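Visitor: Take a look at start.txt, compact mmCIF, C-alpha atoms:
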```txt
# COMPACT_ATOMS: atom_id res chain seq x y z
CA MET F 177 45.97 -64.33 1.06
CA SER F 178 48.85 -62.26 2.39
CA GLY F 179 51.48 -64.61 1.00
CA VAL F 180 49.78 -64.39 -2.41
CA ALA F 181 49.69 -60.59 -2.18
CA VAL F 182 53.43 -60.52 -1.42
CA VAL F 183 54.49 -62.87 -4.22
CA ARG F 184 52.15 -61.27 -6.76
CA TYR F 185 53.58 -57.84 -5.82
CA LEU F 186 57.18 -59.05 -6.20
CA LEU F 187 56.47 -60.55 -9.64
CA ALA F 188 54.48 -57.58 -10.94
CA THR F 189 57.21 -55.11 -9.91
CA ASN F 190 60.14 -57.15 -11.22
CA ALA F 191 61.52 -55.83 -14.50
CA GLY F 192 62.77 -59.23 -15.65
CA VAL F 193 59.38 -60.86 -15.22
CA THR F 194 57.28 -57.98 -16.57
CA ALA F 195 59.49 -57.85 -19.68
CA VAL F 196 58.03 -61.26 -20.53
CA VAL F 197 54.62 -61.10 -18.81
CA PRO F 198 52.93 -57.68 -18.40
CA ALA F 199 51.85 -56.96 -14.81
CA ALA F 200 48.19 -57.07 -15.86
CA ARG F 201 48.63 -60.73 -16.77
CA ILE F 202 50.09 -61.66 -13.37
CA VAL F 203 46.96 -62.50 -11.42
CA ALA F 204 46.08 -63.63 -7.92
CA GLY F 205 43.90 -66.70 -8.15
CA ASP F 206 42.88 -68.33 -11.44
CA ILE F 207 43.53 -66.76 -14.82
CA PRO F 208 40.32 -65.85 -16.64
CA ILE F 209 39.05 -67.62 -19.79
CA ASP F 210 40.49 -66.24 -23.07
CA PHE F 211 43.44 -64.73 -21.24
CA ALA F 212 46.42 -63.88 -23.46
CA MET F 213 49.64 -65.87 -23.08
CA PRO F 214 52.09 -65.81 -21.43
CA ALA F 215 50.49 -65.42 -18.01
CA ILE F 216 51.21 -66.13 -14.35
CA ALA F 217 48.72 -67.24 -11.70
CA VAL F 218 49.54 -66.89 -8.00
CA ARG F 219 47.49 -69.12 -5.70
CA GLN F 220 47.42 -70.02 -2.03
CA ILE F 221 47.77 -73.69 -1.21
CA SER F 222 47.67 -73.29 2.56
CA SER F 223 48.22 -70.81 5.37
CA VAL F 224 49.22 -72.12 8.78
CA PRO F 225 49.06 -69.79 11.80
CA ASP F 226 51.74 -70.27 14.45
CA ASN F 227 49.36 -70.98 17.32
CA ARG F 228 50.54 -70.59 20.90
CA ILE F 229 48.62 -71.61 24.01
CA ARG F 230 46.93 -68.19 24.11
CA ALA F 231 45.10 -68.22 20.79
CA ASN F 232 44.43 -64.48 20.55
CA GLU F 233 47.91 -63.10 21.15
CA ALA F 234 48.87 -60.27 18.82
CA ASN F 235 51.53 -60.48 16.11
CA LYS F 236 50.97 -64.07 15.11
CA ALA F 237 53.34 -65.58 12.55
CA HIS F 238 51.79 -67.34 9.56
CA THR F 239 53.39 -69.75 7.12
CA ASP F 240 51.78 -69.61 3.66
CA ARG F 241 52.43 -72.03 0.83
CA VAL F 242 52.03 -69.98 -2.34
CA GLN F 243 52.01 -71.63 -5.76
CA VAL F 244 53.10 -69.68 -8.81
CA THR F 245 51.97 -71.25 -12.09
CA VAL F 246 53.39 -69.94 -15.34
CA TYR F 247 51.52 -70.36 -18.64
CA ARG F 248 53.14 -70.20 -22.06
CA GLY F 249 51.57 -70.66 -25.46
CA ALA F 250 53.08 -72.76 -28.24
CA SER F 251 55.98 -71.39 -30.27
CA PRO F 252 56.47 -69.44 -32.46
CA ASP F 253 53.78 -67.05 -31.07
CA ASP F 254 55.00 -67.67 -27.56
CA ALA F 255 58.18 -69.37 -26.43
CA GLY F 256 56.57 -72.79 -25.96
CA TYR F 257 57.96 -75.40 -23.63
CA PRO F 258 61.55 -74.04 -23.54
CA GLY F 259 60.14 -70.68 -22.48
CA LEU F 260 58.43 -72.32 -19.52
CA LYS F 261 61.66 -73.08 -17.73
CA ALA F 262 63.11 -69.65 -18.56
CA LEU F 263 60.06 -67.88 -17.14
CA LEU F 264 60.08 -69.97 -13.95
CA ASP F 265 63.75 -69.07 -13.48
CA LEU F 266 62.75 -65.39 -13.72
CA VAL F 267 60.00 -66.02 -11.14
CA LEU F 268 62.53 -67.61 -8.79
CA ALA F 269 64.94 -64.70 -9.22
CA ALA F 270 62.14 -62.19 -8.56
CA CYS F 271 61.31 -63.66 -5.15
CA PRO F 272 64.53 -63.83 -3.13
CA SER F 273 64.15 -64.39 0.59
CA GLN F 274 63.81 -61.06 2.37
CA ARG F 275 62.19 -59.44 5.35
CA GLY F 276 60.43 -56.14 5.71
CA THR F 277 57.11 -54.62 4.71
CA LEU F 278 56.11 -55.73 1.22
CA ASN F 279 52.82 -54.52 -0.22
CA GLY F 280 51.69 -53.71 3.32
CA VAL F 281 52.52 -57.18 4.67
CA SER F 282 55.15 -57.69 7.38
CA VAL F 283 57.29 -60.44 5.82
CA GLN F 284 59.83 -62.54 7.74
CA SER F 285 61.09 -64.79 4.94
CA ILE F 286 60.33 -66.15 1.46
CA VAL F 287 61.75 -69.61 0.82
CA PRO F 288 61.56 -71.37 -2.57
CA ASP F 289 60.02 -74.82 -2.35
CA ILE F 290 59.00 -77.63 -4.66
CA GLU F 291 58.80 -77.10 -8.45
CA GLY F 292 56.60 -78.83 -10.99
CA PRO F 293 54.94 -80.82 -12.40
CA ASP F 294 54.21 -79.92 -16.02
CA LEU F 295 50.48 -79.71 -16.61
CA PRO F 296 50.00 -79.00 -20.31
CA ILE F 297 46.61 -77.99 -21.69
CA SER F 298 47.06 -79.96 -24.91
CA GLU F 299 43.94 -78.85 -26.77
CA LEU F 300 45.00 -75.20 -26.41
CA SER F 301 48.73 -75.85 -26.91
CA ILE F 302 49.47 -74.20 -23.57
CA PHE F 303 52.34 -75.33 -21.35
CA THR F 304 52.20 -74.80 -17.59
CA ARG F 305 54.43 -75.52 -14.62
CA SER F 306 54.40 -74.26 -11.07
CA ARG F 307 56.76 -73.47 -8.21
CA ASP F 308 55.84 -73.11 -4.56
CA PHE F 309 57.15 -70.46 -2.18
CA ILE F 310 56.91 -70.62 1.60
CA VAL F 311 56.10 -67.10 2.77
CA ARG F 312 56.36 -66.42 6.46
CA TRP F 313 54.61 -63.24 7.56
CA VAL F 314 53.29 -61.65 10.71
CA GLY F 315 49.74 -60.46 11.19
CA ALA F 316 46.58 -60.80 13.23
CA MET O 204 13.52 -62.97 81.53
CA ASN O 205 12.16 -61.74 78.22
CA ARG O 206 14.55 -58.79 78.29
CA ILE O 207 17.49 -61.12 78.78
CA LYS O 208 16.27 -63.35 75.96
CA SER O 209 15.80 -60.35 73.66
CA LEU O 210 19.25 -59.04 74.53
CA LEU O 211 20.81 -62.41 73.77
CA LEU O 212 18.99 -62.63 70.43
CA HIS O 213 20.23 -59.17 69.42
CA LEU O 214 23.73 -60.04 70.48
CA PHE O 215 23.62 -63.25 68.47
CA ALA O 216 22.30 -61.42 65.39
CA ALA O 217 25.09 -58.85 65.71
CA VAL O 218 27.89 -61.40 65.76
CA ARG O 219 26.36 -63.98 63.43
CA GLU O 220 27.04 -62.17 60.14
CA PRO O 221 30.66 -61.15 60.84
CA LEU O 222 31.40 -64.62 62.17
CA TYR O 223 29.94 -66.19 59.06
CA HIS O 224 31.96 -63.95 56.70
CA ILE O 225 35.18 -64.37 58.65
CA SER O 226 34.93 -68.15 58.73
CA ASP O 227 33.73 -68.38 55.11
CA GLY O 228 36.49 -66.11 53.86
CA TYR O 229 39.10 -68.00 55.87
CA MET O 230 37.93 -71.33 54.48
CA GLN O 231 37.97 -69.96 50.94
CA ARG O 232 41.46 -68.56 51.35
CA MET O 233 42.78 -71.74 52.88
CA GLY O 234 41.24 -73.86 50.14
CA PHE O 235 39.07 -75.81 52.59
CA GLN O 236 35.89 -74.76 50.90
CA LEU O 237 34.70 -76.47 47.74
CA TYR O 238 34.57 -74.21 44.70
CA ALA O 239 32.79 -74.80 41.42
CA ALA O 240 35.61 -76.73 39.76
CA HIS O 241 35.05 -77.67 36.12
CA THR O 242 32.85 -80.71 35.68
CA ALA O 243 33.69 -81.36 32.02
CA VAL O 244 37.02 -81.82 30.26
CA GLU O 245 38.73 -78.48 29.75
CA SER O 246 41.25 -77.40 27.13
CA PHE O 247 44.62 -75.75 27.73
CA THR O 248 43.89 -73.23 24.97
CA ASP O 249 44.02 -69.65 26.29
CA THR O 250 45.76 -70.58 29.53
CA VAL O 251 47.75 -67.60 30.81
CA TYR O 252 51.16 -68.12 32.42
CA SER O 253 52.31 -65.23 34.61
CA ILE O 254 55.36 -64.79 36.81
CA SER O 255 56.40 -62.59 39.71
CA ALA O 256 59.64 -62.09 41.59
CA SER O 257 57.59 -61.58 44.77
CA LEU O 258 57.01 -64.44 47.14
CA PRO O 259 53.85 -64.85 49.20
CA ALA O 260 53.79 -64.31 52.97
CA THR O 261 52.11 -67.70 53.27
CA TYR O 262 52.18 -70.44 50.64
CA ASP O 263 48.42 -70.70 50.26
CA ALA O 264 45.66 -69.12 48.21
CA ALA O 265 45.51 -66.05 50.46
CA GLY O 266 49.27 -65.49 50.30
CA TYR O 267 49.52 -65.90 46.55
CA GLY O 268 46.37 -63.88 45.98
CA ALA O 269 47.68 -60.89 47.97
CA THR O 270 47.37 -57.61 46.13
CA THR O 271 51.03 -56.87 46.91
CA ILE O 272 52.10 -59.47 44.33
CA THR O 273 52.03 -58.28 40.73
CA TYR O 274 52.09 -61.08 38.15
CA THR O 275 53.33 -60.40 34.62
CA ALA O 276 52.01 -62.53 31.76
CA ILE O 277 54.57 -64.50 29.76
CA GLY O 278 53.95 -64.03 26.03
CA LYS O 279 53.95 -66.63 23.24
CA VAL O 280 53.92 -69.70 25.47
CA GLU O 281 53.92 -72.84 23.34
CA SER O 282 54.00 -75.57 25.97
CA PHE O 283 54.44 -76.12 29.67
CA MET O 284 55.84 -79.07 31.56
CA PRO O 285 53.77 -81.47 33.65
CA TYR O 286 53.62 -80.69 37.37
CA GLY O 287 51.85 -81.87 40.48
CA SER O 288 53.16 -84.57 42.77
CA LYS O 289 55.00 -87.71 41.80
CA ARG O 290 56.91 -90.13 43.97
CA ALA O 291 59.43 -92.78 43.16
CA ILE O 292 58.44 -96.36 43.91
CA ASN O 293 61.44 -97.78 45.73
CA GLU O 294 62.08 -101.49 45.80
CA PHE O 295 63.22 -103.81 48.50
CA VAL O 296 64.23 -107.15 47.06
CA PRO O 297 64.32 -109.81 49.75
CA VAL O 298 66.28 -113.03 49.39
CA THR O 299 63.04 -114.94 49.63
CA GLY O 300 59.53 -113.73 49.15
CA ALA O 301 58.08 -111.02 46.96
CA VAL O 302 59.56 -107.62 46.19
CA GLU O 303 58.27 -104.89 48.46
CA TYR O 304 57.54 -101.42 47.12
CA LEU O 305 57.96 -98.24 49.13
CA LYS O 306 56.80 -94.79 48.20
CA GLY O 307 59.44 -92.09 47.99
CA VAL O 308 59.15 -88.40 48.75
CA PRO O 309 57.13 -86.17 46.42
CA ARG O 310 58.62 -84.42 43.41
CA TYR O 311 56.49 -81.47 42.34
CA GLY O 312 57.88 -81.46 38.82
CA GLN O 313 60.62 -80.02 36.70
CA GLY O 314 60.82 -79.43 32.99
CA GLU O 315 60.53 -76.83 30.29
CA LEU O 316 58.35 -73.87 29.55
CA ILE O 317 58.74 -73.25 25.81
CA CYS O 318 57.82 -69.89 24.35
CA GLY O 319 58.36 -67.99 21.12
CA ASP O 320 61.40 -65.76 21.66
CA VAL O 321 60.29 -62.14 22.16
CA PRO O 322 63.10 -60.33 24.03
CA ALA O 323 60.92 -57.29 24.78
CA ASP O 324 58.14 -59.36 26.35
CA ALA O 325 57.86 -58.32 30.00
CA GLY O 326 57.17 -61.86 31.23
CA GLN O 327 60.13 -63.28 29.32
CA VAL O 328 62.36 -60.53 30.74
CA ILE O 329 61.45 -61.77 34.24
CA LEU O 330 62.10 -65.41 33.25
CA LYS O 331 65.54 -64.44 31.96
CA ALA O 332 66.31 -62.55 35.18
CA ALA O 333 65.02 -65.51 37.20
CA GLU O 334 67.55 -67.81 35.54
CA ALA O 335 70.38 -65.52 36.60
CA SER O 336 69.00 -65.21 40.13
CA PRO O 337 69.29 -67.68 43.01
CA ASN O 338 65.82 -66.69 44.21
CA HIS O 339 62.53 -68.50 44.05
CA TYR O 340 59.78 -66.97 41.91
CA SER O 341 55.98 -67.22 41.97
CA LEU O 342 54.28 -68.61 38.89
CA LYS O 343 50.55 -68.09 38.38
CA ILE O 344 48.73 -70.28 35.86
CA THR O 345 45.22 -69.13 35.00
CA TYR O 346 43.24 -71.80 33.18
CA PRO O 347 40.48 -70.85 30.74
CA ASP O 348 37.68 -71.67 33.19
CA GLY O 349 39.20 -69.37 35.82
CA GLU O 350 40.97 -72.03 37.89
CA ILE O 351 44.29 -70.74 39.16
CA HIS O 352 47.38 -72.72 40.10
CA TYR O 353 50.24 -71.07 41.98
CA LEU O 354 53.70 -72.60 41.85
CA ASP O 355 56.83 -71.79 43.83
CA VAL O 356 59.56 -72.18 41.20
CA ILE O 357 63.21 -71.76 40.43
CA VAL O 358 64.26 -71.05 36.85
CA ALA O 359 67.42 -72.97 36.03
CA GLY O 360 67.69 -72.46 32.27
CA TRP O 361 66.98 -69.85 29.60
CA GLU O 362 68.11 -71.38 26.32
CA LEU O 363 67.43 -70.66 22.68
CA ALA O 364 66.13 -73.76 20.90
CA ALA O 365 68.20 -75.57 18.28
CA ALA O 366 68.08 -73.85 14.89
CA LYS O 367 66.39 -75.30 11.84
CA GLU O 368 65.25 -73.72 8.58
CA GLY O 369 61.67 -72.60 8.84
CA ALA O 370 61.40 -73.30 12.57
CA PRO O 371 60.32 -70.48 14.88
CA LEU O 372 62.86 -69.05 17.31
CA THR O 373 61.82 -70.44 20.67
CA ARG O 374 63.16 -70.23 24.20
CA ASN O 375 63.27 -73.08 26.69
CA ALA O 376 62.99 -72.05 30.33
CA THR O 377 63.97 -74.90 32.65
CA ILE O 378 61.74 -74.76 35.70
CA GLY O 379 61.72 -76.66 38.98
CA VAL O 380 58.64 -76.61 41.21
CA CYS O 381 59.71 -76.44 44.84
CA LYS O 382 56.44 -76.67 46.77
CA ALA O 383 53.10 -78.37 46.31
CA PRO O 384 50.99 -76.42 43.80
CA VAL O 385 48.32 -74.23 45.36
CA VAL O 386 45.10 -74.75 43.43
CA VAL O 387 42.26 -72.25 43.56
CA ALA O 388 39.28 -73.56 41.66
CA ALA O 389 37.13 -71.23 39.60
CA VAL O 390 34.52 -69.37 41.66
```
Let me see the structure of the file written as structure tokens.

Guide:
Amino acid sequence: MSGVAVVRYLLATNAGVTAVVPAARIVAGDIPIDFAMPAIAVRQISSVPDNRIRANEANKAHTDRVQVTVYRGASPDDAGYPGLKALLDLVLAACPSQRGTLNGVSVQSIVPDIEGPDLPISELSIFTRSRDFIVRWVGA
Amino acid sequence: MNRIKSLLLHLFAAVREPLYHISDGYMQRMGFQLYAAHTAVESFTDTVYSISASLPATYDAAGYGATTITYTAIGKVESFMPYGSKRAINEFVPVTGAVEYLKGVPRYGQGELICGDVPADAGQVILKAAEASPNHYSLKITYPDGEIHYLDVIVAGWELAAAKEGAPLTRNATIGVCKAPVVVAAV
């Protein structure tokens, strides 16, 4: 959950992203039913602790795979499919690799990983695509 | 006669207990006495590797267990080399007849201790100093069931692992075991 908290914090405090998607519509986990577009969901795919022989040693590094999925409605109300790519570019720019304490989490690095695929919700004319980030952080 | 018998019985009772404790303690220290070693397969998880620059007066359980030796735990250990005793099988190939095999002298093991690099870790500080030193060091390995192995080691390497994106910074300590491991089974 820490990787999600870090990425969600970076997106919700980035002016470029919030100019397109208000912070209230950047959610950790699944977006609720009847949510307004555009929106961003931040989910955890996996979190792998860096286990050493002594399992309970303090300050254990974790490697989280965090998936950011952007949702855009059909144009002209929302930017449609072209807006999908533009918003994901903003997401990428909002999460440069960095270390330090972010939202209370001791972060070592944030590395962009695989992007895609497109998963349109045809009956609602909603376009979605995701990008993964590998967040390395230190905790219990 | 009865007085002599009574005197002998008292004398025997007086020396019996100390004799028992002395001999029992000696046998325990020397590893002659059977301890409650694990009877099921154990895991390496939560094994503690500790090191000391002090050497024992005698290379046995009593020497290594002396209170004068302070062992410092090595943090973030990822893996440890195999050790024990292994001998080469030497060959003699006769012109006629079968090859004859001869056992060589024992090697107690050499290889790598790999740990996550934490420069401030007290145990890793000692490992680093050990590499720069010509001296032997004492390594104490405490297994999860309480079994302890003591090794007389030299540390011949303190290298940072090869770099790779996403890989943790680890240190490889090259260790040579110079004497037969002293094993103290869990009590």

Visitor: Taking (52.6, -66.5, -21.3) in the file's coordinates as the center, which residues reach within 10 Å of it, counting all atoms listed in the file, put as a VMD selection string?

Guide: chain F and resid 196 to 198 201 to 202 211 to 216 246 to 250 253 to 256 259 to 260 263 302 to 304

Visitor: Using all atoms listed in the file, I'd like a table of the residues in chain F that come within 12 Å of chain O; for each, show the closest atom pair and its distance in Å rounded to one decimal, ordered by chain and ascending number, as a tab-separated table.

Guide:
```
residue	atom	partner	partner_atom	distance
F:Pro225	CA	O:Pro371	CA	11.7
F:Asp226	CA	O:Pro371	CA	8.6
F:Asn227	CA	O:Glu281	CA	7.8
F:Arg228	CA	O:Glu281	CA	4.7
F:Ile229	CA	O:Thr248	CA	5.1
F:Arg230	CA	O:Asp249	CA	3.9
F:Ala231	CA	O:Asp249	CA	5.8
F:Asn232	CA	O:Asp249	CA	7.7
F:Glu233	CA	O:Lys279	CA	7.3
F:Ala234	CA	O:Lys279	CA	9.3
F:Asn235	CA	O:Lys279	CA	9.7
F:Lys236	CA	O:Lys279	CA	9.0
F:Ala237	CA	O:Pro371	CA	8.8
F:His238	CA	O:Pro371	CA	10.5
F:Thr239	CA	O:Gly369	CA	8.9
F:Asp240	CA	O:Gly369	CA	11.6
F:Ser273	CA	O:Gly369	CA	11.9
F:Gln284	CA	O:Gly369	CA	10.3
F:Ser285	CA	O:Gly369	CA	8.7
F:Ile286	CA	O:Gly369	CA	9.9
F:Val287	CA	O:Gly369	CA	8.6
F:Pro288	CA	O:Gly369	CA	11.5
F:Asp289	CA	O:Gly369	CA	11.5
F:Ile310	CA	O:Gly369	CA	8.9
F:Val311	CA	O:Gly369	CA	9.9
F:Arg312	CA	O:Gly369	CA	8.5
F:Trp313	CA	O:Pro371	CA	11.8
```

Visitor: Generate the output file for the selected residues, C-alpha atoms, as a PDB file, in the frame of the given file.

Guide:
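Below is the file again_24.pdb, written as the result:
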```pdb
ATOM      1  CA  PRO F 225      49.060 -69.790  11.800  1.00  0.00           C
ATOM      2  CA  ASP F 226      51.740 -70.270  14.450  1.00  0.00           C
ATOM      3  CA  ASN F 227      49.360 -70.980  17.320  1.00  0.00           C
ATOM      4  CA  ARG F 228      50.540 -70.590  20.900  1.00  0.00           C
ATOM      5  CA  ILE F 229      48.620 -71.610  24.010  1.00  0.00           C
ATOM      6  CA  ARG F 230      46.930 -68.190  24.110  1.00  0.00           C
ATOM      7  CA  ALA F 231      45.100 -68.220  20.790  1.00  0.00           C
ATOM      8  CA  ASN F 232      44.430 -64.480  20.550  1.00  0.00           C
ATOM      9  CA  GLU F 233      47.910 -63.100  21.150  1.00  0.00           C
ATOM     10  CA  ALA F 234      48.870 -60.270  18.820  1.00  0.00           C
ATOM     11  CA  ASN F 235      51.530 -60.480  16.110  1.00  0.00           C
ATOM     12  CA  LYS F 236      50.970 -64.070  15.110  1.00  0.00           C
ATOM     13  CA  ALA F 237      53.340 -65.580  12.550  1.00  0.00           C
ATOM     14  CA  HIS F 238      51.790 -67.340   9.560  1.00  0.00           C
ATOM     15  CA  THR F 239      53.390 -69.750   7.120  1.00  0.00           C
ATOM     16  CA  ASP F 240      51.780 -69.610   3.660  1.00  0.00           C
ATOM     17  CA  SER F 273      64.150 -64.390   0.590  1.00  0.00           C
ATOM     18  CA  GLN F 284      59.830 -62.540   7.740  1.00  0.00           C
ATOM     19  CA  SER F 285      61.090 -64.790   4.940  1.00  0.00           C
ATOM     20  CA  ILE F 286      60.330 -66.150   1.460  1.00  0.00           C
ATOM     21  CA  VAL F 287      61.750 -69.610   0.820  1.00  0.00           C
ATOM     22  CA  PRO F 288      61.560 -71.370  -2.570  1.00  0.00           C
ATOM     23  CA  ASP F 289      60.020 -74.820  -2.350  1.00  0.00           C
ATOM     24  CA  ILE F 310      56.910 -70.620   1.600  1.00  0.00           C
ATOM     25  CA  VAL F 311      56.100 -67.100   2.770  1.00  0.00           C
ATOM     26  CA  ARG F 312      56.360 -66.420   6.460  1.00  0.00           C
ATOM     27  CA  TRP F 313      54.610 -63.240   7.560  1.00  0.00           C
TER      28      TRP F 313
END
```

Visitor: In Å, with one decimal, what is the gap from CA of Ser298 in chain F to CA of Asp210 in chain F?

Guide: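 According to the coordinates, CA of Ser298 in chain F and CA of Asp210 in chain F are separated by 15.3 Å.
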
Visitor: Do you know which residues are at most 10 Å from range 285-302 of chain O counting only C-alpha atoms, after dropping those on the same chain fewer than 6 positions away, and could you put them as a list in words?

Guide: Val308, Pro309, Arg310, Tyr311, Gly312, Gln313, Gly314, Glu315, Leu316, Leu354, Gly379, Val380, Lys382, Ala383, Pro384 and Val385 of chain O

Visitor: Do you know which residues lie at most 10 Å from (59.4, -62.9, 22.3), with coordinates as in the file and all atoms listed in the file counted, and could you write them as a list in words?

Guide: Ile277, Gly278, Lys279, Val280, Cys318, Gly319, Asp320, Val321, Pro322, Ala323, Asp324, Ala325, Gly326, Gln327, Val328, Leu372, Thr373 and Arg374 of chain O

Visitor: Padding 8 Å on every side, please: axis-aligned box over the listed atoms of range 316-323 of chain O, centre and edge lengths to one decimal in Å, as lines of an AutoDock Vina configuration file.

Guide:
```
center_x = 60.5
center_y = -65.6
center_z = 25.3
size_x = 21.3
size_y = 32.6
size_z = 24.4
```

Visitor: Between CA of Val182 in chain F and CA of Ala195 in chain F, measure the distance and give it in Å to one decimal.

Guide: 19.4 Å

Visitor: Which one of O:Ala333, O:Ala264, O:Ala240, O:Ala376 sits closest to Glu350 in chain O if you count only C-alpha atoms?

Guide: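 Closest residue, counting only C-alpha atoms: O:Ala240.
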
Visitor: Hey, can you check how far CA of Thr242 in chain O sits from CA of Ala388 in chain O?

Guide: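 Taking CA of Thr242 in chain O and CA of Ala388 in chain O, their separation equals 11.3 Å.
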
Visitor: Residues near Leu186 in chain F, anyone? I mean within 7 Å using all atoms listed in the file, not counting same-chain ones fewer than 4 positions away, as a list in words.

Guide: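 The neighbour list is Val182, Asn190, Ala270 and Cys271 of chain F.
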
Visitor: Write out as an MDAnalysis selection string each polymer residue whose atoms come within 12 Å of Ser178 in chain F, counting only C-alpha atoms; drop sequence neighbours fewer than 5 positions from it.

Guide: chainID F and resid 183:185 204 218:220 222:224 237:242 277:283 310:316

Visitor: Restore N, CA and C atoms in range 188-201 of chain F and list the result as a PDB file, in the frame of the given file.

Guide:
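rebuild.pdb, written as the output of this step:
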```pdb
ATOM      1  N   ALA F 188      55.011 -58.657 -10.115  1.00  0.00           N
ATOM      2  CA  ALA F 188      54.480 -57.580 -10.940  1.00  0.00           C
ATOM      3  C   ALA F 188      55.364 -56.341 -10.917  1.00  0.00           C
ATOM      4  N   THR F 189      56.305 -56.273  -9.968  1.00  0.00           N
ATOM      5  CA  THR F 189      57.210 -55.110  -9.910  1.00  0.00           C
ATOM      6  C   THR F 189      58.632 -55.495 -10.315  1.00  0.00           C
ATOM      7  N   ASN F 190      58.810 -56.714 -10.817  1.00  0.00           N
ATOM      8  CA  ASN F 190      60.140 -57.150 -11.220  1.00  0.00           C
ATOM      9  C   ASN F 190      60.311 -56.932 -12.728  1.00  0.00           C
ATOM     10  N   ALA F 191      61.342 -56.199 -13.088  1.00  0.00           N
ATOM     11  CA  ALA F 191      61.520 -55.830 -14.500  1.00  0.00           C
ATOM     12  C   ALA F 191      61.736 -57.061 -15.375  1.00  0.00           C
ATOM     13  N   GLY F 192      62.493 -58.023 -14.866  1.00  0.00           N
ATOM     14  CA  GLY F 192      62.770 -59.230 -15.650  1.00  0.00           C
ATOM     15  C   GLY F 192      61.507 -59.999 -15.981  1.00  0.00           C
ATOM     16  N   VAL F 193      60.628 -60.115 -15.011  1.00  0.00           N
ATOM     17  CA  VAL F 193      59.380 -60.860 -15.220  1.00  0.00           C
ATOM     18  C   VAL F 193      58.425 -60.073 -16.113  1.00  0.00           C
ATOM     19  N   THR F 194      58.266 -58.775 -15.813  1.00  0.00           N
ATOM     20  CA  THR F 194      57.280 -57.980 -16.570  1.00  0.00           C
ATOM     21  C   THR F 194      57.732 -57.741 -18.015  1.00  0.00           C
ATOM     22  N   ALA F 195      59.037 -57.943 -18.286  1.00  0.00           N
ATOM     23  CA  ALA F 195      59.490 -57.850 -19.680  1.00  0.00           C
ATOM     24  C   ALA F 195      58.914 -59.005 -20.493  1.00  0.00           C
ATOM     25  N   VAL F 196      58.603 -60.089 -19.844  1.00  0.00           N
ATOM     26  CA  VAL F 196      58.030 -61.260 -20.530  1.00  0.00           C
ATOM     27  C   VAL F 196      56.510 -61.311 -20.358  1.00  0.00           C
ATOM     28  N   VAL F 197      56.054 -61.052 -19.124  1.00  0.00           N
ATOM     29  CA  VAL F 197      54.620 -61.100 -18.810  1.00  0.00           C
ATOM     30  C   VAL F 197      54.207 -59.742 -18.251  1.00  0.00           C
ATOM     31  N   PRO F 198      53.364 -58.980 -18.950  1.00  0.00           N
ATOM     32  CA  PRO F 198      52.930 -57.680 -18.400  1.00  0.00           C
ATOM     33  C   PRO F 198      52.251 -57.862 -17.039  1.00  0.00           C
ATOM     34  N   ALA F 199      52.386 -56.863 -16.183  1.00  0.00           N
ATOM     35  CA  ALA F 199      51.850 -56.960 -14.810  1.00  0.00           C
ATOM     36  C   ALA F 199      50.365 -57.295 -14.805  1.00  0.00           C
ATOM     37  N   ALA F 200      49.638 -56.816 -15.812  1.00  0.00           N
ATOM     38  CA  ALA F 200      48.190 -57.070 -15.860  1.00  0.00           C
ATOM     39  C   ALA F 200      47.881 -58.546 -16.052  1.00  0.00           C
ATOM     40  N   ARG F 201      48.865 -59.293 -16.547  1.00  0.00           N
ATOM     41  CA  ARG F 201      48.630 -60.730 -16.770  1.00  0.00           C
ATOM     42  C   ARG F 201      49.253 -61.581 -15.663  1.00  0.00           C
TER      43      ARG F 201
END
```
